[in-house]
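Next up, data33.txt (compact mmCIF, N, CA and C atoms):
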# COMPACT_ATOMS: atom_id res chain seq x y z
N MET A 277 89.43 43.49 107.99
CA MET A 277 88.85 42.49 108.87
C MET A 277 89.41 42.70 110.28
N VAL A 278 88.56 42.52 111.28
CA VAL A 278 88.97 42.65 112.68
C VAL A 278 89.59 41.35 113.14
N GLN A 279 90.76 41.44 113.72
CA GLN A 279 91.42 40.26 114.27
C GLN A 279 91.25 40.30 115.78
N VAL A 280 90.45 39.41 116.33
CA VAL A 280 90.19 39.36 117.76
C VAL A 280 91.25 38.50 118.43
N LEU A 281 91.98 39.07 119.38
CA LEU A 281 93.03 38.35 120.08
C LEU A 281 92.55 37.81 121.42
N SER A 282 91.59 38.49 122.02
CA SER A 282 91.04 38.09 123.31
C SER A 282 89.69 38.76 123.46
N SER A 283 88.87 38.26 124.37
CA SER A 283 87.57 38.89 124.60
C SER A 283 87.15 38.63 126.04
N ARG A 284 86.19 39.43 126.50
CA ARG A 284 85.64 39.22 127.83
C ARG A 284 84.28 39.89 127.93
N VAL A 285 83.48 39.42 128.86
CA VAL A 285 82.20 40.03 129.19
C VAL A 285 82.47 41.04 130.30
N LEU A 286 81.97 42.28 130.14
CA LEU A 286 82.13 43.31 131.16
C LEU A 286 80.85 43.39 131.97
N LEU A 287 80.95 43.21 133.27
CA LEU A 287 79.80 43.26 134.17
C LEU A 287 79.95 44.45 135.10
N ARG A 288 78.95 45.33 135.14
CA ARG A 288 78.95 46.49 136.02
C ARG A 288 77.89 46.25 137.10
N PRO A 289 78.26 45.66 138.23
CA PRO A 289 77.29 45.32 139.26
C PRO A 289 76.91 46.53 140.13
N ALA A 290 75.81 46.41 140.83
CA ALA A 290 75.40 47.45 141.78
C ALA A 290 76.35 47.48 142.96
N ASP A 291 76.82 46.33 143.40
CA ASP A 291 77.73 46.21 144.54
C ASP A 291 78.90 45.32 144.11
N PRO A 292 80.01 45.92 143.66
CA PRO A 292 81.13 45.11 143.14
C PRO A 292 81.66 44.07 144.12
N GLU A 293 81.77 44.40 145.40
CA GLU A 293 82.31 43.43 146.36
C GLU A 293 81.37 42.24 146.51
N ARG A 294 80.08 42.49 146.56
CA ARG A 294 79.09 41.40 146.66
C ARG A 294 79.21 40.49 145.43
N SER A 295 79.40 41.08 144.26
CA SER A 295 79.54 40.28 143.04
C SER A 295 80.85 39.51 143.03
N ARG A 296 81.93 40.10 143.56
CA ARG A 296 83.20 39.36 143.65
C ARG A 296 83.06 38.15 144.56
N VAL A 297 82.34 38.30 145.67
CA VAL A 297 82.10 37.17 146.56
C VAL A 297 81.30 36.09 145.82
N PHE A 298 80.26 36.49 145.08
CA PHE A 298 79.43 35.54 144.36
C PHE A 298 80.24 34.78 143.30
N TYR A 299 80.92 35.51 142.41
CA TYR A 299 81.63 34.86 141.31
C TYR A 299 82.90 34.16 141.78
N GLY A 300 83.63 34.75 142.73
CA GLY A 300 84.90 34.18 143.17
C GLY A 300 84.76 33.09 144.22
N GLU A 301 83.88 33.32 145.19
CA GLU A 301 83.75 32.36 146.29
C GLU A 301 82.59 31.39 146.10
N THR A 302 81.41 31.91 145.81
CA THR A 302 80.24 31.04 145.68
C THR A 302 80.34 30.16 144.44
N LEU A 303 80.60 30.76 143.26
CA LEU A 303 80.75 29.95 142.05
C LEU A 303 82.15 29.35 141.92
N GLY A 304 83.13 29.93 142.60
CA GLY A 304 84.49 29.40 142.57
C GLY A 304 85.26 29.68 141.30
N LEU A 305 84.91 30.77 140.58
CA LEU A 305 85.67 31.12 139.38
C LEU A 305 87.07 31.56 139.78
N GLN A 306 88.06 31.15 139.00
CA GLN A 306 89.45 31.50 139.27
C GLN A 306 89.76 32.89 138.71
N ILE A 307 90.58 33.64 139.42
CA ILE A 307 90.94 35.00 139.01
C ILE A 307 92.04 34.94 137.96
N SER A 308 91.83 35.66 136.87
CA SER A 308 92.83 35.81 135.84
C SER A 308 93.76 36.97 136.20
N ARG A 309 93.15 38.10 136.60
CA ARG A 309 93.94 39.27 137.00
C ARG A 309 93.05 40.24 137.75
N GLU A 310 93.69 41.13 138.49
CA GLU A 310 92.99 42.22 139.17
C GLU A 310 93.71 43.52 138.84
N PHE A 311 92.96 44.63 138.86
CA PHE A 311 93.57 45.93 138.60
C PHE A 311 92.90 46.97 139.48
N GLY A 312 93.64 48.01 139.80
CA GLY A 312 93.12 49.03 140.71
C GLY A 312 93.23 48.56 142.14
N THR A 313 92.69 49.36 143.05
CA THR A 313 92.74 49.03 144.47
C THR A 313 91.41 49.32 145.13
N GLY A 314 91.24 48.78 146.33
CA GLY A 314 90.07 49.06 147.13
C GLY A 314 88.79 48.46 146.58
N PRO A 315 87.67 48.94 147.08
CA PRO A 315 86.38 48.37 146.69
C PRO A 315 86.01 48.58 145.22
N GLU A 316 86.63 49.53 144.57
CA GLU A 316 86.32 49.79 143.16
C GLU A 316 87.28 49.09 142.20
N ARG A 317 88.14 48.20 142.73
CA ARG A 317 89.09 47.50 141.86
C ARG A 317 88.34 46.61 140.87
N GLY A 318 89.02 46.27 139.80
CA GLY A 318 88.45 45.37 138.81
C GLY A 318 89.01 43.97 138.99
N THR A 319 88.19 42.97 138.76
CA THR A 319 88.60 41.57 138.87
C THR A 319 88.16 40.86 137.60
N VAL A 320 89.09 40.15 136.98
CA VAL A 320 88.80 39.40 135.75
C VAL A 320 88.89 37.91 136.10
N TYR A 321 87.81 37.18 135.83
CA TYR A 321 87.74 35.75 136.11
C TYR A 321 87.84 34.95 134.82
N PHE A 322 88.44 33.77 134.92
CA PHE A 322 88.45 32.83 133.80
C PHE A 322 87.04 32.28 133.62
N LEU A 323 86.58 32.17 132.38
CA LEU A 323 85.30 31.54 132.04
C LEU A 323 85.56 30.46 131.00
N GLY A 324 86.36 29.49 131.31
CA GLY A 324 86.67 28.46 130.31
C GLY A 324 87.43 29.10 129.17
N GLY A 325 86.78 29.27 128.02
CA GLY A 325 87.42 29.88 126.86
C GLY A 325 87.27 31.38 126.81
N GLY A 326 86.78 32.00 127.86
CA GLY A 326 86.58 33.45 127.88
C GLY A 326 86.86 34.01 129.26
N PHE A 327 86.46 35.25 129.47
CA PHE A 327 86.70 35.93 130.74
C PHE A 327 85.46 36.71 131.15
N LEU A 328 85.31 36.94 132.45
CA LEU A 328 84.28 37.80 133.01
C LEU A 328 84.98 38.85 133.84
N GLU A 329 84.81 40.12 133.48
CA GLU A 329 85.40 41.22 134.23
C GLU A 329 84.33 41.88 135.08
N VAL A 330 84.54 41.91 136.40
CA VAL A 330 83.66 42.62 137.32
C VAL A 330 84.39 43.89 137.71
N SER A 331 83.87 45.03 137.25
CA SER A 331 84.52 46.31 137.54
C SER A 331 83.49 47.42 137.41
N GLY A 332 83.81 48.56 137.96
CA GLY A 332 82.89 49.68 137.90
C GLY A 332 81.65 49.42 138.73
N ARG A 333 80.66 50.26 138.53
CA ARG A 333 79.43 50.16 139.31
C ARG A 333 78.25 50.51 138.41
N SER A 334 77.18 49.76 138.53
CA SER A 334 75.98 50.00 137.74
C SER A 334 75.20 51.19 138.29
N GLU A 335 74.63 51.96 137.39
CA GLU A 335 73.80 53.10 137.79
C GLU A 335 72.33 52.71 137.93
N GLY A 336 71.97 51.53 137.45
CA GLY A 336 70.57 51.12 137.49
C GLY A 336 70.42 49.64 137.73
N PRO A 337 69.20 49.15 137.73
CA PRO A 337 68.96 47.73 137.96
C PRO A 337 69.43 46.87 136.78
N ALA A 338 69.62 45.60 137.06
CA ALA A 338 70.01 44.65 136.00
C ALA A 338 68.91 44.58 134.96
N THR A 339 69.32 44.37 133.72
CA THR A 339 68.34 44.20 132.64
C THR A 339 68.39 42.76 132.18
N ASP A 340 67.46 42.42 131.32
CA ASP A 340 67.41 41.08 130.75
C ASP A 340 68.36 40.93 129.57
N ALA A 341 69.14 41.97 129.29
CA ALA A 341 70.00 41.97 128.11
C ALA A 341 71.25 41.10 128.27
N LEU A 342 71.68 40.85 129.51
CA LEU A 342 72.90 40.06 129.73
C LEU A 342 72.53 38.70 130.27
N ARG A 343 73.07 37.66 129.64
CA ARG A 343 72.93 36.29 130.13
C ARG A 343 74.29 35.63 130.01
N LEU A 344 74.68 34.84 130.99
CA LEU A 344 75.92 34.08 130.93
C LEU A 344 75.58 32.61 130.72
N TRP A 345 76.33 31.95 129.83
CA TRP A 345 76.17 30.53 129.53
C TRP A 345 77.45 29.87 129.99
N LEU A 346 77.35 29.02 131.03
CA LEU A 346 78.53 28.37 131.60
C LEU A 346 78.36 26.86 131.51
N GLN A 347 79.27 26.20 130.82
CA GLN A 347 79.22 24.75 130.72
C GLN A 347 79.90 24.15 131.94
N VAL A 348 79.23 23.19 132.57
CA VAL A 348 79.77 22.50 133.74
C VAL A 348 79.77 21.00 133.46
N PRO A 349 80.62 20.23 134.14
CA PRO A 349 80.66 18.79 133.89
C PRO A 349 79.45 18.04 134.43
N ASP A 350 78.83 18.54 135.53
CA ASP A 350 77.72 17.83 136.16
C ASP A 350 76.75 18.86 136.71
N VAL A 351 75.66 19.12 135.99
CA VAL A 351 74.71 20.17 136.39
C VAL A 351 73.94 19.78 137.66
N THR A 352 73.72 18.49 137.88
CA THR A 352 73.03 18.05 139.09
C THR A 352 73.89 18.33 140.33
N ALA A 353 75.17 18.03 140.24
CA ALA A 353 76.08 18.32 141.36
C ALA A 353 76.17 19.83 141.60
N ALA A 354 76.24 20.61 140.51
CA ALA A 354 76.28 22.07 140.64
C ALA A 354 75.02 22.58 141.34
N HIS A 355 73.87 22.01 140.98
CA HIS A 355 72.60 22.40 141.60
C HIS A 355 72.64 22.17 143.11
N GLU A 356 73.08 21.00 143.52
CA GLU A 356 73.15 20.68 144.95
C GLU A 356 74.10 21.62 145.69
N GLU A 357 75.28 21.85 145.10
CA GLU A 357 76.26 22.73 145.75
C GLU A 357 75.74 24.16 145.87
N LEU A 358 75.18 24.69 144.79
CA LEU A 358 74.72 26.07 144.80
C LEU A 358 73.49 26.26 145.68
N ARG A 359 72.59 25.30 145.68
CA ARG A 359 71.42 25.37 146.56
C ARG A 359 71.85 25.40 148.02
N ALA A 360 72.87 24.60 148.37
CA ALA A 360 73.37 24.54 149.75
C ALA A 360 74.00 25.86 150.19
N THR A 361 74.52 26.64 149.22
CA THR A 361 75.14 27.92 149.58
C THR A 361 74.17 29.08 149.52
N GLY A 362 72.90 28.82 149.15
CA GLY A 362 71.90 29.86 149.15
C GLY A 362 71.78 30.66 147.86
N VAL A 363 72.41 30.17 146.78
CA VAL A 363 72.28 30.85 145.49
C VAL A 363 70.82 30.80 145.04
N GLU A 364 70.35 31.88 144.43
CA GLU A 364 68.98 31.91 143.92
C GLU A 364 68.87 30.99 142.71
N ILE A 365 68.14 29.90 142.88
CA ILE A 365 67.91 28.95 141.79
C ILE A 365 66.62 29.37 141.08
N LEU A 366 66.75 29.78 139.84
CA LEU A 366 65.57 30.19 139.07
C LEU A 366 64.83 28.98 138.50
N ARG A 367 65.62 27.94 138.15
CA ARG A 367 65.03 26.71 137.64
C ARG A 367 66.02 25.57 137.86
N PRO A 368 65.59 24.47 138.47
CA PRO A 368 66.49 23.34 138.68
C PRO A 368 66.84 22.67 137.35
N PRO A 369 67.80 21.74 137.36
CA PRO A 369 68.21 21.08 136.13
C PRO A 369 67.07 20.38 135.41
N VAL A 370 67.03 20.58 134.09
CA VAL A 370 66.03 19.97 133.22
C VAL A 370 66.74 19.54 131.95
N ARG A 371 66.41 18.35 131.46
CA ARG A 371 66.93 17.90 130.15
C ARG A 371 66.04 18.54 129.09
N GLU A 372 66.62 19.43 128.30
CA GLU A 372 65.87 20.18 127.30
C GLU A 372 65.61 19.33 126.06
N PRO A 373 64.60 19.70 125.26
CA PRO A 373 64.31 18.94 124.03
C PRO A 373 65.51 18.88 123.08
N TRP A 374 66.41 19.86 123.14
CA TRP A 374 67.59 19.86 122.26
C TRP A 374 68.73 19.05 122.86
N GLY A 375 68.49 18.37 124.01
CA GLY A 375 69.45 17.41 124.53
C GLY A 375 70.38 17.90 125.61
N LEU A 376 70.44 19.18 125.88
CA LEU A 376 71.31 19.70 126.93
C LEU A 376 70.58 19.67 128.28
N ALA A 377 71.32 19.45 129.34
CA ALA A 377 70.77 19.57 130.69
C ALA A 377 71.10 20.97 131.17
N GLU A 378 70.05 21.76 131.50
CA GLU A 378 70.26 23.16 131.86
C GLU A 378 69.57 23.50 133.19
N MET A 379 70.19 24.38 133.93
CA MET A 379 69.57 24.98 135.10
C MET A 379 69.86 26.47 135.07
N TRP A 380 69.00 27.26 135.69
CA TRP A 380 69.16 28.71 135.71
C TRP A 380 69.31 29.22 137.12
N ILE A 381 70.29 30.13 137.31
CA ILE A 381 70.50 30.80 138.60
C ILE A 381 70.56 32.30 138.34
N ALA A 382 70.62 33.07 139.42
CA ALA A 382 70.76 34.52 139.30
C ALA A 382 71.93 34.97 140.16
N ASP A 383 72.67 35.96 139.66
CA ASP A 383 73.73 36.55 140.47
C ASP A 383 73.08 37.56 141.43
N PRO A 384 73.86 38.20 142.31
CA PRO A 384 73.26 39.10 143.30
C PRO A 384 72.47 40.27 142.71
N ASP A 385 72.77 40.68 141.49
CA ASP A 385 72.03 41.76 140.86
C ASP A 385 70.83 41.26 140.05
N GLY A 386 70.68 39.95 139.94
CA GLY A 386 69.58 39.38 139.18
C GLY A 386 69.93 38.99 137.76
N HIS A 387 71.21 39.12 137.36
CA HIS A 387 71.61 38.67 136.03
C HIS A 387 71.42 37.16 135.96
N ARG A 388 70.84 36.70 134.87
CA ARG A 388 70.56 35.28 134.70
C ARG A 388 71.79 34.54 134.17
N ILE A 389 72.04 33.38 134.78
CA ILE A 389 73.17 32.53 134.40
C ILE A 389 72.61 31.14 134.15
N VAL A 390 72.90 30.59 132.97
CA VAL A 390 72.50 29.22 132.68
C VAL A 390 73.72 28.33 132.85
N LEU A 391 73.56 27.27 133.63
CA LEU A 391 74.60 26.27 133.79
C LEU A 391 74.16 25.09 132.92
N VAL A 392 75.06 24.64 132.06
CA VAL A 392 74.72 23.65 131.04
C VAL A 392 75.66 22.45 131.14
N GLU A 393 75.05 21.26 131.11
CA GLU A 393 75.83 20.03 130.99
C GLU A 393 75.57 19.47 129.60
N VAL A 394 76.65 19.20 128.88
CA VAL A 394 76.53 18.62 127.54
C VAL A 394 76.75 17.11 127.68
N PRO A 395 75.67 16.32 127.53
CA PRO A 395 75.81 14.87 127.67
C PRO A 395 76.80 14.28 126.66
N ALA A 396 77.37 13.15 127.01
CA ALA A 396 78.39 12.51 126.16
C ALA A 396 77.87 12.19 124.77
N ASP A 397 76.56 11.91 124.64
CA ASP A 397 76.01 11.53 123.33
C ASP A 397 75.45 12.72 122.56
N HIS A 398 75.64 13.93 123.04
CA HIS A 398 75.09 15.12 122.38
C HIS A 398 75.96 15.50 121.17
N PRO A 399 75.35 16.03 120.10
CA PRO A 399 76.13 16.43 118.91
C PRO A 399 77.23 17.45 119.19
N LEU A 400 77.11 18.23 120.26
CA LEU A 400 78.21 19.15 120.59
C LEU A 400 79.49 18.40 120.94
N ARG A 401 79.36 17.15 121.38
CA ARG A 401 80.51 16.34 121.74
C ARG A 401 80.86 15.30 120.69
N TYR A 402 79.87 14.89 119.91
CA TYR A 402 80.07 13.76 119.00
C TYR A 402 79.67 14.14 117.59
N ARG A 403 80.55 13.90 116.66
CA ARG A 403 80.25 14.14 115.25
C ARG A 403 80.59 12.90 114.46
N PRO A 404 79.57 12.18 113.98
CA PRO A 404 79.82 10.96 113.22
C PRO A 404 80.73 11.20 112.02
N GLY A 405 81.64 10.29 111.80
CA GLY A 405 82.52 10.37 110.64
C GLY A 405 83.73 11.26 110.82
N ILE A 406 83.87 11.87 111.96
CA ILE A 406 85.03 12.75 112.18
C ILE A 406 85.96 12.14 113.19

Now that the file is in, can you turn its structure into structure tokens?
Amino acid sequence: MVQVLSSRVLLRPADPERSRVFYGETLGLQISREFGTGPERGTVYFLGGGFLEVSGRSEGPATDALRLWLQVPDVTAAHEELRATGVEILRPPVREPWGLAEMWIADPDGHRIVLVEVPADHPLRYRPGI
């Protein structure tokens, strides 16, 4: 059996510095660690219970294969903040039939990111009898 001690999503952007500005400054993700030097250095960001590593360089355009799911405390506030900074909003916040409030944005390479608010009464937060 494989024992997983840690994990992270590896992102190979077309322009690493542009992606570091987006994830570090625009989204405000905190840096876990950096390695290497100069424009090709790697940066690992905290993602709540996981990590996002921005390193290397993509040889082609973004595909639909990668999606990031980020839980936020207030998706409406996130929408206002990100819209004000010029982030590409693919879809504003919507309460989905399954009860989550979701909005979609894109990073500079076009990778789709869903920002999710889990309401207090949602089963992800509340389990009767426990």

Find the spatial neighbours of Leu286 (chain A), counting all atoms listed in the file, within a cut-off of 5 Å - ignore same-chain residues fewer than 2 positions away - and output them as a list in words.
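Selected residues are Arg284, Arg288 and Glu329 of chain A.
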
Show which residues sit within 6.5 Å of Ile381 (chain A), as a list in words. Count only N, CA and C atoms, and ignore same-chain residues fewer than 4 positions away.
Val363, Glu364, Ile365, Leu366, Arg367, His387, Arg388, Ile389, Val390 and Leu391 of chain A

Minimum-distance residue to Arg317 (chain A), chosen among A:Glu378, A:Glu293, A:Asp383, A:Asp397 (using only C-alpha atoms)
A:Glu293

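Residues within 9 Å of Ser295 (chain A), counting only C-alpha atoms and excluding same-chain residues fewer than 3 positions away, are A:Pro289, A:Ala290, A:Asp291, A:Pro292, A:Phe298, A:Tyr299, A:Gly300, A:Val330, A:Asp383, A:Pro384, A:Asp385.
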
Please provide the set of residues having any atom within 6 Å of Leu376 (chain A), restricted to all atoms listed in the file, with same-chain residues fewer than 4 positions apart removed, written as a compact mmCIF listing (two decimals) with N, CA and C atoms, in the coordinates of the input.
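Below you can see out-v4.txt, which holds the result:
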# COMPACT_ATOMS: atom_id res chain seq x y z
N VAL A 370 67.03 20.58 134.09
CA VAL A 370 66.03 19.97 133.22
C VAL A 370 66.74 19.54 131.95
N ARG A 371 66.41 18.35 131.46
CA ARG A 371 66.93 17.90 130.15
C ARG A 371 66.04 18.54 129.09
N GLU A 372 66.62 19.43 128.30
CA GLU A 372 65.87 20.18 127.30
C GLU A 372 65.61 19.33 126.06
N GLU A 393 75.05 21.26 131.11
CA GLU A 393 75.83 20.03 130.99
C GLU A 393 75.57 19.47 129.60
N VAL A 394 76.65 19.20 128.88
CA VAL A 394 76.53 18.62 127.54
C VAL A 394 76.75 17.11 127.68
N PRO A 395 75.67 16.32 127.53
CA PRO A 395 75.81 14.87 127.67
C PRO A 395 76.80 14.28 126.66

Compare A:Leu358, A:Val320, A:Leu328, A:Ala338 by their minimum atom-to-atom distance to Leu303 (chain A), counting only N, CA and C atoms, and give me the closest one.
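Nearest candidate to Leu303 (chain A) out of A:Leu358, A:Val320, A:Leu328, A:Ala338: A:Leu358.
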
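Neighbours of Leu323 (chain A) closer than or equal to 9 Å, with only C-alpha atoms counted and sequence neighbours fewer than 3 positions away skipped, come out as Arg284, Leu305, Gln306, Gly326, Phe327, Leu328 and Leu346 of chain A.
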
Size and centre in Å, one decimal, axis-aligned box, all listed region 300-315 of chain A atoms plus 3 Å per side, as lines of an AutoDock Vina configuration file:
center_x = 87.1
center_y = 39.4
center_z = 141.5
size_x = 19.7
size_y = 26.0
size_z = 17.3

Between A:Gly386, A:Ser282, A:Pro315, A:Arg309, which residue has the minimum interatomic distance to Arg343 (chain A), considering only C-alpha atoms?
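Smallest separation from Arg343 (chain A) among the options: A:Gly386.
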
Point-to-point distance in Å for CA of Val392 (chain A) and CA of Ala377 (chain A):
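CA of Val392 (chain A) lies at a distance of 5.7 Å from CA of Ala377 (chain A).
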
What is the CA of Gly362 (chain A) to CA of Thr302 (chain A) distance in Å?
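So the two atoms, CA of Gly362 (chain A) and CA of Thr302 (chain A), lie 9.1 Å apart.
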
Would you work out the distance separating CA of Phe311 (chain A) from CA of Arg333 (chain A), expressed in Å to one decimal?
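We find that CA of Phe311 (chain A) and CA of Arg333 (chain A) lie 14.8 Å from each other.
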
Between A:Val297, A:Pro399, A:Ala353, A:Leu287, which residue has the minimum interatomic distance to Gly332 (chain A), considering only C-alpha atoms?
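Ranking A:Val297, A:Pro399, A:Ala353, A:Leu287 by distance to Gly332 (chain A), first place goes to A:Leu287.
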
Could you write out, as a list in words, all the residues of chain A that DSSP marks as helix (DSSP H, G or I)?
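The residues of chain A classed as helix (DSSP H, G or I) are Pro292, Glu293, Arg294, Ser295, Arg296, Val297, Phe298, Tyr299, Gly300, Glu301, Thr302, Gly314, Pro315, Glu316, Val351, Thr352, Ala353, Ala354, His355, Glu356, Glu357, Leu358, Arg359 and Ala360 of chain A.
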